[in-house]
Amino acid sequence: MSEKYVIGVDYGTLSGRGVLVRCSDGKVLAAKAEEYRHGVMDRFLPDGTTALPDAWALQYPADYLEVLEHVIPELLRESRIAKTEIVGMGFDFTSCTMLPIDEDAVPLSEKEEFRDHRNAYAKLWKHHGAQRHADIVNRVLEESGMAGEARFGGRISSEVLIPKIMEILEEDPQVYEAADELLEAGDWVTRVLTGSHRRSCSMAGYKAWWDPKKGYLESSVMKKLAPGLEHVSAEKMPGEICAIGEAVGRLSEVWAEKLGLQEGMVIAPTIIDSHAGVPGGCLSNDRQAMMVLGTSSVVLALSRKPFSEKGVCGGVRDAIVPGYYALESGLACVGDLFGWFVDRFVPADYAKQAETRGISVHELLSEKAEMLQPGESGVMALDWWNGNKTPYVDGGLTGELIGMTLNTKPEEIYRALIEATAFGTRQIMELYEQGGVALEEIIASGGIAMKNPMLMQIYADVLGKTIRLAASDQAAALGSAIYASLSAGVYDSYWDAVQNMSAVQEKTYVPNPENTETYQKLYEIYCDLGELMGEAESRGRTLLAKLRSMKR
């Protein structure tokens, strides 16, 4: 075929990354990243004085458009590809990251009357301010006999759409009434670029409980969740749901001029960021799992039937791979957890050692931790620093460290934190296998997977499975580009697009049998400790709740 090119843009927690890709072989001809100007707002609004409560995480929507205005022209400049040869653009986005907009698609946070209203800003995926509302939803679903439906994952978290909307309705009815739409930030970006009201089936299915046969949650159930919420889907969530492979719309004249692209170019529907790693990481069969390791993590596996339990969502078909349900769960913090430890608790002499050698503190700790044997330190952690997704589905749960003495070293804690994230991942994969998925191999992507061999070997040993790495260090952005190639009609088949445009590295991490045997014993301790601190009505959970109630 004549050469055609597509652009993929990956919106992460802290920055946006774009790639310009050749469709015939997936070669990335240019890549560019841009940090969000306002970052994650978890203490103050942009005015610097309006304080935010604990567990809030907001973003400034204009930052997302700034990424495009900086990244896209740079991709064109670096690649020297003519705009007429670029046939489509696709996006992935952290989810659920949602915001209220007016009838002109202007975020309410940009309107003068709402600048000091915290509920007018984009609520990032890891915003946990709506945990109380998630608890209400879970109670209503139980009472209505609906909790077992596959679209709810057994128990819903505060990270999905409806609890965040409930929070707006209760805290700031003025913002709720002024909002013409309440939508995912990923859908807002395509709305701005095209004017189309179409929404992504990926986000609607996994984060808003949309079902192709039933639609959104029934108004009678919505009414039970909160007075005034019964008509939210009709009034605040309009627009046709758009499937992968379709076009959400075409690039407008205004944005074509701003970005230097061709007017009328196909825009693909936005997909959840971790989901884009499935094609970008070359997941090629239902015996493989995709593991995306970044600030948080997501684990995905393909299934011929729906499965949903203990925070595992697997009730959406065709939203990632045609013909398959995709089982999804993950950890609420991974890179964030390691960063927290390095930033807050590593002694000055370690930082000096790293500086003297010209390496990062993470690299120094990894070197030291690699010298330890599994279980040697006697330190165990629960990886709940940002709540727990599976199996307890509670954003209010907190992390734990046990087994420390006056002789405990930083590298021992660092390794225990890494092991805890591997144990949490194993819990998820065991649930997948209970659901009938026979996992033989894992494909990993994300910055941590590419940069930390010690961590990857621990994961292989804990999981007892071979791990391969995605060939691209921008697997999500590449996946978005692959979806763009489908929307633009370059490929008719998802599988043809993946086989031509993505690959895995030759490098593999193979489990060490001796370590795997030791980790089995440690994993059992991890699970017992988790039950003690996470199970409903347990003594540990009661103590955690008392501590949380005293927190200011």
# chains A, B, ... in the order shown; residues from 1 in each chain; ligands from 1
>>> closest_atom_pairs(of="segment 348-435 of chain A", to="segment 534-538 of chain A", cutoff="12 Å", atoms="only C-alpha atoms", output="CSV")
residue,atom,partner,partner_atom,distance
A:Leu382,CA,A:Gly534,CA,10.1
A:Asp383,CA,A:Gly534,CA,11.7
A:Trp384,CA,A:Gly534,CA,9.9
A:Gly387,CA,A:Gly534,CA,10.3
A:Asn388,CA,A:Gly534,CA,8.8
A:Lys389,CA,A:Gly534,CA,11.2
A:Thr390,CA,A:Gly534,CA,10.4
A:Pro391,CA,A:Gly534,CA,8.7
A:Tyr392,CA,A:Gly534,CA,6.3
A:Val393,CA,A:Gly534,CA,9.3
A:Asp394,CA,A:Gly534,CA,8.7
A:Gly395,CA,A:Gly534,CA,11.2
A:Gly396,CA,A:Gly534,CA,10.2
A:Leu397,CA,A:Gly534,CA,7.2
A:Thr398,CA,A:Gly534,CA,9.3
A:Gly399,CA,A:Gly534,CA,10.5
A:Glu400,CA,A:Gly534,CA,11.0
>>> write_last_selection(atoms="N, CA, C and O atoms", output="mmCIF file, in the first residue's frame")
data_model
loop_
_atom_site.group_PDB
_atom_site.id
_atom_site.type_symbol
_atom_site.label_atom_id
_atom_site.label_comp_id
_atom_site.auth_asym_id
_atom_site.auth_seq_id
_atom_site.Cartn_x
_atom_site.Cartn_y
_atom_site.Cartn_z
ATOM 1 N N LEU A 382 1.510 -3.681 52.458
ATOM 2 C CA LEU A 382 0.274 -3.686 51.677
ATOM 3 C C LEU A 382 0.312 -2.445 50.804
ATOM 4 O O LEU A 382 0.558 -1.342 51.292
ATOM 5 N N ASP A 383 0.059 -2.609 49.524
ATOM 6 C CA ASP A 383 0.265 -1.562 48.528
ATOM 7 C C ASP A 383 -0.953 -0.655 48.370
ATOM 8 O O ASP A 383 -1.329 -0.309 47.255
ATOM 9 N N TRP A 384 -1.537 -0.211 49.449
ATOM 10 C CA TRP A 384 -2.810 0.496 49.386
ATOM 11 C C TRP A 384 -2.649 1.994 49.648
ATOM 12 O O TRP A 384 -3.537 2.630 50.199
ATOM 13 N N GLY A 387 -5.528 3.613 48.089
ATOM 14 C CA GLY A 387 -6.713 2.775 48.117
ATOM 15 C C GLY A 387 -6.478 1.425 47.459
ATOM 16 O O GLY A 387 -5.391 1.128 46.969
ATOM 17 N N ASN A 388 -7.520 0.613 47.445
ATOM 18 C CA ASN A 388 -7.432 -0.737 46.879
ATOM 19 C C ASN A 388 -8.531 -0.935 45.840
ATOM 20 O O ASN A 388 -9.694 -0.657 46.100
ATOM 21 N N LYS A 389 -8.137 -1.409 44.650
ATOM 22 C CA LYS A 389 -9.105 -1.684 43.584
ATOM 23 C C LYS A 389 -9.620 -3.121 43.652
ATOM 24 O O LYS A 389 -10.804 -3.378 43.470
ATOM 25 N N THR A 390 -8.709 -4.059 43.831
ATOM 26 C CA THR A 390 -9.060 -5.476 43.900
ATOM 27 C C THR A 390 -8.208 -6.113 45.003
ATOM 28 O O THR A 390 -6.997 -5.871 45.042
ATOM 29 N N PRO A 391 -8.808 -6.858 45.905
ATOM 30 C CA PRO A 391 -10.176 -7.380 45.891
ATOM 31 C C PRO A 391 -11.173 -6.614 46.761
ATOM 32 O O PRO A 391 -12.328 -7.016 46.836
ATOM 33 N N TYR A 392 -10.749 -5.503 47.419
ATOM 34 C CA TYR A 392 -11.622 -4.866 48.406
ATOM 35 C C TYR A 392 -12.341 -3.628 47.888
ATOM 36 O O TYR A 392 -13.302 -3.169 48.499
ATOM 37 N N VAL A 393 -11.882 -3.060 46.780
ATOM 38 C CA VAL A 393 -12.562 -1.971 46.077
ATOM 39 C C VAL A 393 -12.941 -0.849 47.046
ATOM 40 O O VAL A 393 -14.104 -0.541 47.252
ATOM 41 N N ASP A 394 -11.942 -0.237 47.622
ATOM 42 C CA ASP A 394 -12.183 0.827 48.596
ATOM 43 C C ASP A 394 -11.045 1.835 48.516
ATOM 44 O O ASP A 394 -9.906 1.539 48.890
ATOM 45 N N GLY A 395 -11.372 3.035 48.038
ATOM 46 C CA GLY A 395 -10.372 4.089 47.936
ATOM 47 C C GLY A 395 -9.928 4.614 49.277
ATOM 48 O O GLY A 395 -8.934 5.346 49.363
ATOM 49 N N GLY A 396 -10.640 4.268 50.345
ATOM 50 C CA GLY A 396 -10.281 4.737 51.677
ATOM 51 C C GLY A 396 -9.284 3.863 52.397
ATOM 52 O O GLY A 396 -8.756 4.254 53.444
ATOM 53 N N LEU A 397 -9.003 2.669 51.878
ATOM 54 C CA LEU A 397 -8.007 1.810 52.520
ATOM 55 C C LEU A 397 -6.615 2.405 52.367
ATOM 56 O O LEU A 397 -6.313 3.058 51.360
ATOM 57 N N THR A 398 -5.765 2.175 53.352
ATOM 58 C CA THR A 398 -4.446 2.794 53.356
ATOM 59 C C THR A 398 -3.353 1.741 53.433
ATOM 60 O O THR A 398 -3.574 0.597 53.819
ATOM 61 N N GLY A 399 -2.136 2.154 53.076
ATOM 62 C CA GLY A 399 -1.008 1.235 53.027
ATOM 63 C C GLY A 399 -0.509 0.818 54.393
ATOM 64 O O GLY A 399 -0.778 1.478 55.408
ATOM 65 N N GLU A 400 0.223 -0.298 54.412
ATOM 66 C CA GLU A 400 0.757 -0.832 55.656
ATOM 67 C C GLU A 400 2.201 -1.277 55.447
ATOM 68 O O GLU A 400 2.574 -1.743 54.373
#
>>> residues_around(residues="segment 133-139 of chain A", least_positions_apart="5", cutoff="12 Å", atoms="only C-alpha atoms", output="MDAnalysis selection string")
chainID A and resid 128 144:148 152:171 217 221:226 311 393:396
>>> closest_residue(among="A:Arg287, A:Arg43, A:Lys32, A:Lys111", to="Glu78 of chain A", atoms="only C-alpha atoms")
A:Lys32
>>> closest_residue(among="A:Arg115, A:Lys126, A:Arg22, A:Arg250", to="Asp42 of chain A", atoms="only C-alpha atoms")
A:Lys126
>>> closest_residue(among="A:Gly215, A:Gly12, A:Gly540, A:Gly530", to="Asp92 of chain A", atoms="only C-alpha atoms")
A:Gly12
>>> residues_around(residues="Asn407 of chain A", least_positions_apart="6", cutoff="12 Å", atoms="only C-alpha atoms", output="NGL selection string")
:A and (377-379 or 413)
>>> write_last_selection(atoms="all heavy atoms", output="mmCIF file, in the first residue's frame")
data_model
loop_
_atom_site.group_PDB
_atom_site.id
_atom_site.type_symbol
_atom_site.label_atom_id
_atom_site.label_comp_id
_atom_site.auth_asym_id
_atom_site.auth_seq_id
_atom_site.Cartn_x
_atom_site.Cartn_y
_atom_site.Cartn_z
ATOM 1 N N SER A 377 14.524 -9.695 54.605
ATOM 2 C CA SER A 377 14.402 -8.533 55.488
ATOM 3 C C SER A 377 13.333 -8.710 56.562
ATOM 4 O O SER A 377 13.342 -8.017 57.576
ATOM 5 C CB SER A 377 14.083 -7.281 54.670
ATOM 6 O OG SER A 377 12.772 -7.373 54.122
ATOM 7 N N GLY A 378 12.398 -9.623 56.331
ATOM 8 C CA GLY A 378 11.279 -9.782 57.259
ATOM 9 C C GLY A 378 10.272 -8.653 57.202
ATOM 10 O O GLY A 378 9.414 -8.534 58.076
ATOM 11 N N VAL A 379 10.348 -7.822 56.154
ATOM 12 C CA VAL A 379 9.450 -6.673 56.008
ATOM 13 C C VAL A 379 8.362 -7.011 54.991
ATOM 14 O O VAL A 379 8.638 -7.588 53.926
ATOM 15 C CB VAL A 379 10.223 -5.412 55.568
ATOM 16 C CG1 VAL A 379 9.265 -4.233 55.359
ATOM 17 C CG2 VAL A 379 11.284 -5.055 56.598
ATOM 18 N N ILE A 413 12.837 -1.746 52.668
ATOM 19 C CA ILE A 413 11.474 -1.216 52.523
ATOM 20 C C ILE A 413 11.135 -1.054 51.048
ATOM 21 O O ILE A 413 10.026 -1.403 50.609
ATOM 22 C CB ILE A 413 11.337 0.131 53.268
ATOM 23 C CG1 ILE A 413 11.590 -0.061 54.761
ATOM 24 C CG2 ILE A 413 9.959 0.736 53.028
ATOM 25 C CD1 ILE A 413 11.573 1.227 55.562
#
>>> residues_around(residues="Met237 of chain A", least_positions_apart="4", cutoff="10 Å", atoms="only C-alpha atoms", output="PyMOL selection string")
chain A and resi 180-184+197+199+204+208+216+231-233
>>> residues_around(residues="Lys465 of chain A", least_positions_apart="4", cutoff="9 Å", atoms="only C-alpha atoms", output="MDAnalysis selection string")
chainID A and resid 439:442 459:461 509:511
>>> select_by_dssp(residues="segment 176-278 of chain A", states="helix (DSSP H, G or I)", output="tab-separated table (two decimals) with C-alpha atoms, in the first residue's frame")
chain	number	residue	atom	x	y	z
A	176	TYR	CA	-24.46	20.65	38.19
A	177	GLU	CA	-27.27	22.85	36.85
A	178	ALA	CA	-24.89	24.97	34.77
A	185	ALA	CA	-11.98	14.37	29.46
A	186	GLY	CA	-11.06	12.05	26.59
A	187	ASP	CA	-14.48	12.58	25.01
A	188	TRP	CA	-14.16	16.32	25.61
A	189	VAL	CA	-10.93	16.46	23.58
A	190	THR	CA	-12.54	14.79	20.56
A	191	ARG	CA	-15.60	17.00	21.03
A	192	VAL	CA	-13.43	20.14	20.86
A	193	LEU	CA	-11.51	18.92	17.80
A	194	THR	CA	-14.53	17.78	15.79
A	201	CYS	CA	-17.65	2.93	24.04
A	202	SER	CA	-14.46	2.18	25.97
A	203	MET	CA	-15.12	4.84	28.58
A	204	ALA	CA	-18.90	4.58	28.53
A	205	GLY	CA	-18.78	0.82	29.08
A	206	TYR	CA	-16.06	0.55	31.69
A	207	LYS	CA	-16.57	3.78	33.62
A	219	SER	CA	-33.49	6.26	35.77
A	220	SER	CA	-35.36	4.46	38.57
A	221	VAL	CA	-32.03	3.21	39.96
A	222	MET	CA	-30.38	6.60	39.46
A	223	LYS	CA	-33.14	8.18	41.52
A	224	LYS	CA	-32.31	5.84	44.39
A	225	LEU	CA	-28.70	6.99	44.27
A	232	VAL	CA	-28.67	12.51	34.40
A	233	SER	CA	-27.98	10.24	31.41
A	234	ALA	CA	-30.58	11.92	29.21
A	235	GLU	CA	-29.84	15.47	30.34
A	236	LYS	CA	-26.11	15.48	31.02
A	253	GLU	CA	-11.05	23.90	10.18
A	254	VAL	CA	-10.14	25.84	13.32
A	255	TRP	CA	-8.17	23.02	14.91
A	256	ALA	CA	-6.61	21.94	11.62
A	257	GLU	CA	-5.10	25.41	11.37
A	258	LYS	CA	-3.97	25.42	15.02
A	259	LEU	CA	-2.25	22.04	14.76
A	273	ASP	CA	-5.07	4.80	28.35
A	274	SER	CA	-4.16	1.36	29.65
A	275	HIS	CA	-6.51	-0.28	27.14
A	276	ALA	CA	-4.57	1.30	24.28
A	277	GLY	CA	-1.56	-0.68	25.49
A	278	VAL	CA	-3.26	-3.90	24.32
>>> decode(residues="segment 319-331 of chain A", atoms="N, CA, C and O atoms", output="PDB file, in the first residue's frame")
ATOM      1  N   ALA A 319     -14.906  -3.529  23.157  1.00  0.00           N
ATOM      2  CA  ALA A 319     -14.453  -2.169  23.456  1.00  0.00           C
ATOM      3  C   ALA A 319     -12.945  -2.015  23.306  1.00  0.00           C
ATOM      4  O   ALA A 319     -12.443  -0.897  23.217  1.00  0.00           O
ATOM      5  N   ILE A 320     -12.217  -3.131  23.279  1.00  0.00           N
ATOM      6  CA  ILE A 320     -10.763  -3.081  23.107  1.00  0.00           C
ATOM      7  C   ILE A 320     -10.347  -3.936  21.914  1.00  0.00           C
ATOM      8  O   ILE A 320      -9.657  -3.484  21.009  1.00  0.00           O
ATOM      9  N   VAL A 321     -10.792  -5.203  21.931  1.00  0.00           N
ATOM     10  CA  VAL A 321     -10.482  -6.144  20.856  1.00  0.00           C
ATOM     11  C   VAL A 321     -11.789  -6.726  20.330  1.00  0.00           C
ATOM     12  O   VAL A 321     -12.587  -7.250  21.115  1.00  0.00           O
ATOM     13  N   PRO A 322     -12.041  -6.652  19.038  1.00  0.00           N
ATOM     14  CA  PRO A 322     -13.288  -7.197  18.484  1.00  0.00           C
ATOM     15  C   PRO A 322     -13.441  -8.680  18.821  1.00  0.00           C
ATOM     16  O   PRO A 322     -12.499  -9.469  18.714  1.00  0.00           O
ATOM     17  N   GLY A 323     -14.654  -9.039  19.266  1.00  0.00           N
ATOM     18  CA  GLY A 323     -14.951 -10.430  19.556  1.00  0.00           C
ATOM     19  C   GLY A 323     -14.635 -10.874  20.963  1.00  0.00           C
ATOM     20  O   GLY A 323     -14.940 -12.008  21.338  1.00  0.00           O
ATOM     21  N   TYR A 324     -14.027  -9.996  21.741  1.00  0.00           N
ATOM     22  CA  TYR A 324     -13.616 -10.375  23.093  1.00  0.00           C
ATOM     23  C   TYR A 324     -14.168  -9.424  24.154  1.00  0.00           C
ATOM     24  O   TYR A 324     -14.327  -8.223  23.915  1.00  0.00           O
ATOM     25  N   TYR A 325     -14.411  -9.996  25.327  1.00  0.00           N
ATOM     26  CA  TYR A 325     -14.525  -9.195  26.535  1.00  0.00           C
ATOM     27  C   TYR A 325     -13.093  -8.970  27.029  1.00  0.00           C
ATOM     28  O   TYR A 325     -12.223  -9.820  26.806  1.00  0.00           O
ATOM     29  N   ALA A 326     -12.862  -7.878  27.696  1.00  0.00           N
ATOM     30  CA  ALA A 326     -11.544  -7.642  28.282  1.00  0.00           C
ATOM     31  C   ALA A 326     -11.706  -7.488  29.787  1.00  0.00           C
ATOM     32  O   ALA A 326     -12.449  -6.620  30.256  1.00  0.00           O
ATOM     33  N   LEU A 327     -11.045  -8.353  30.539  1.00  0.00           N
ATOM     34  CA  LEU A 327     -11.080  -8.274  31.992  1.00  0.00           C
ATOM     35  C   LEU A 327     -10.063  -7.232  32.437  1.00  0.00           C
ATOM     36  O   LEU A 327      -8.911  -7.238  31.987  1.00  0.00           O
ATOM     37  N   GLU A 328     -10.490  -6.347  33.333  1.00  0.00           N
ATOM     38  CA  GLU A 328      -9.640  -5.221  33.715  1.00  0.00           C
ATOM     39  C   GLU A 328      -9.652  -5.012  35.221  1.00  0.00           C
ATOM     40  O   GLU A 328     -10.695  -5.028  35.863  1.00  0.00           O
ATOM     41  N   SER A 329      -8.482  -4.835  35.779  1.00  0.00           N
ATOM     42  CA  SER A 329      -8.321  -4.303  37.125  1.00  0.00           C
ATOM     43  C   SER A 329      -6.902  -3.767  37.212  1.00  0.00           C
ATOM     44  O   SER A 329      -6.195  -3.675  36.204  1.00  0.00           O
ATOM     45  N   GLY A 330      -6.466  -3.414  38.409  1.00  0.00           N
ATOM     46  CA  GLY A 330      -5.117  -2.881  38.546  1.00  0.00           C
ATOM     47  C   GLY A 330      -4.870  -2.375  39.951  1.00  0.00           C
ATOM     48  O   GLY A 330      -5.688  -2.556  40.861  1.00  0.00           O
ATOM     49  N   LEU A 331      -3.726  -1.748  40.120  1.00  0.00           N
ATOM     50  CA  LEU A 331      -3.338  -1.173  41.399  1.00  0.00           C
ATOM     51  C   LEU A 331      -3.431   0.344  41.308  1.00  0.00           C
ATOM     52  O   LEU A 331      -3.020   0.941  40.304  1.00  0.00           O
TER      53      LEU A 331
END
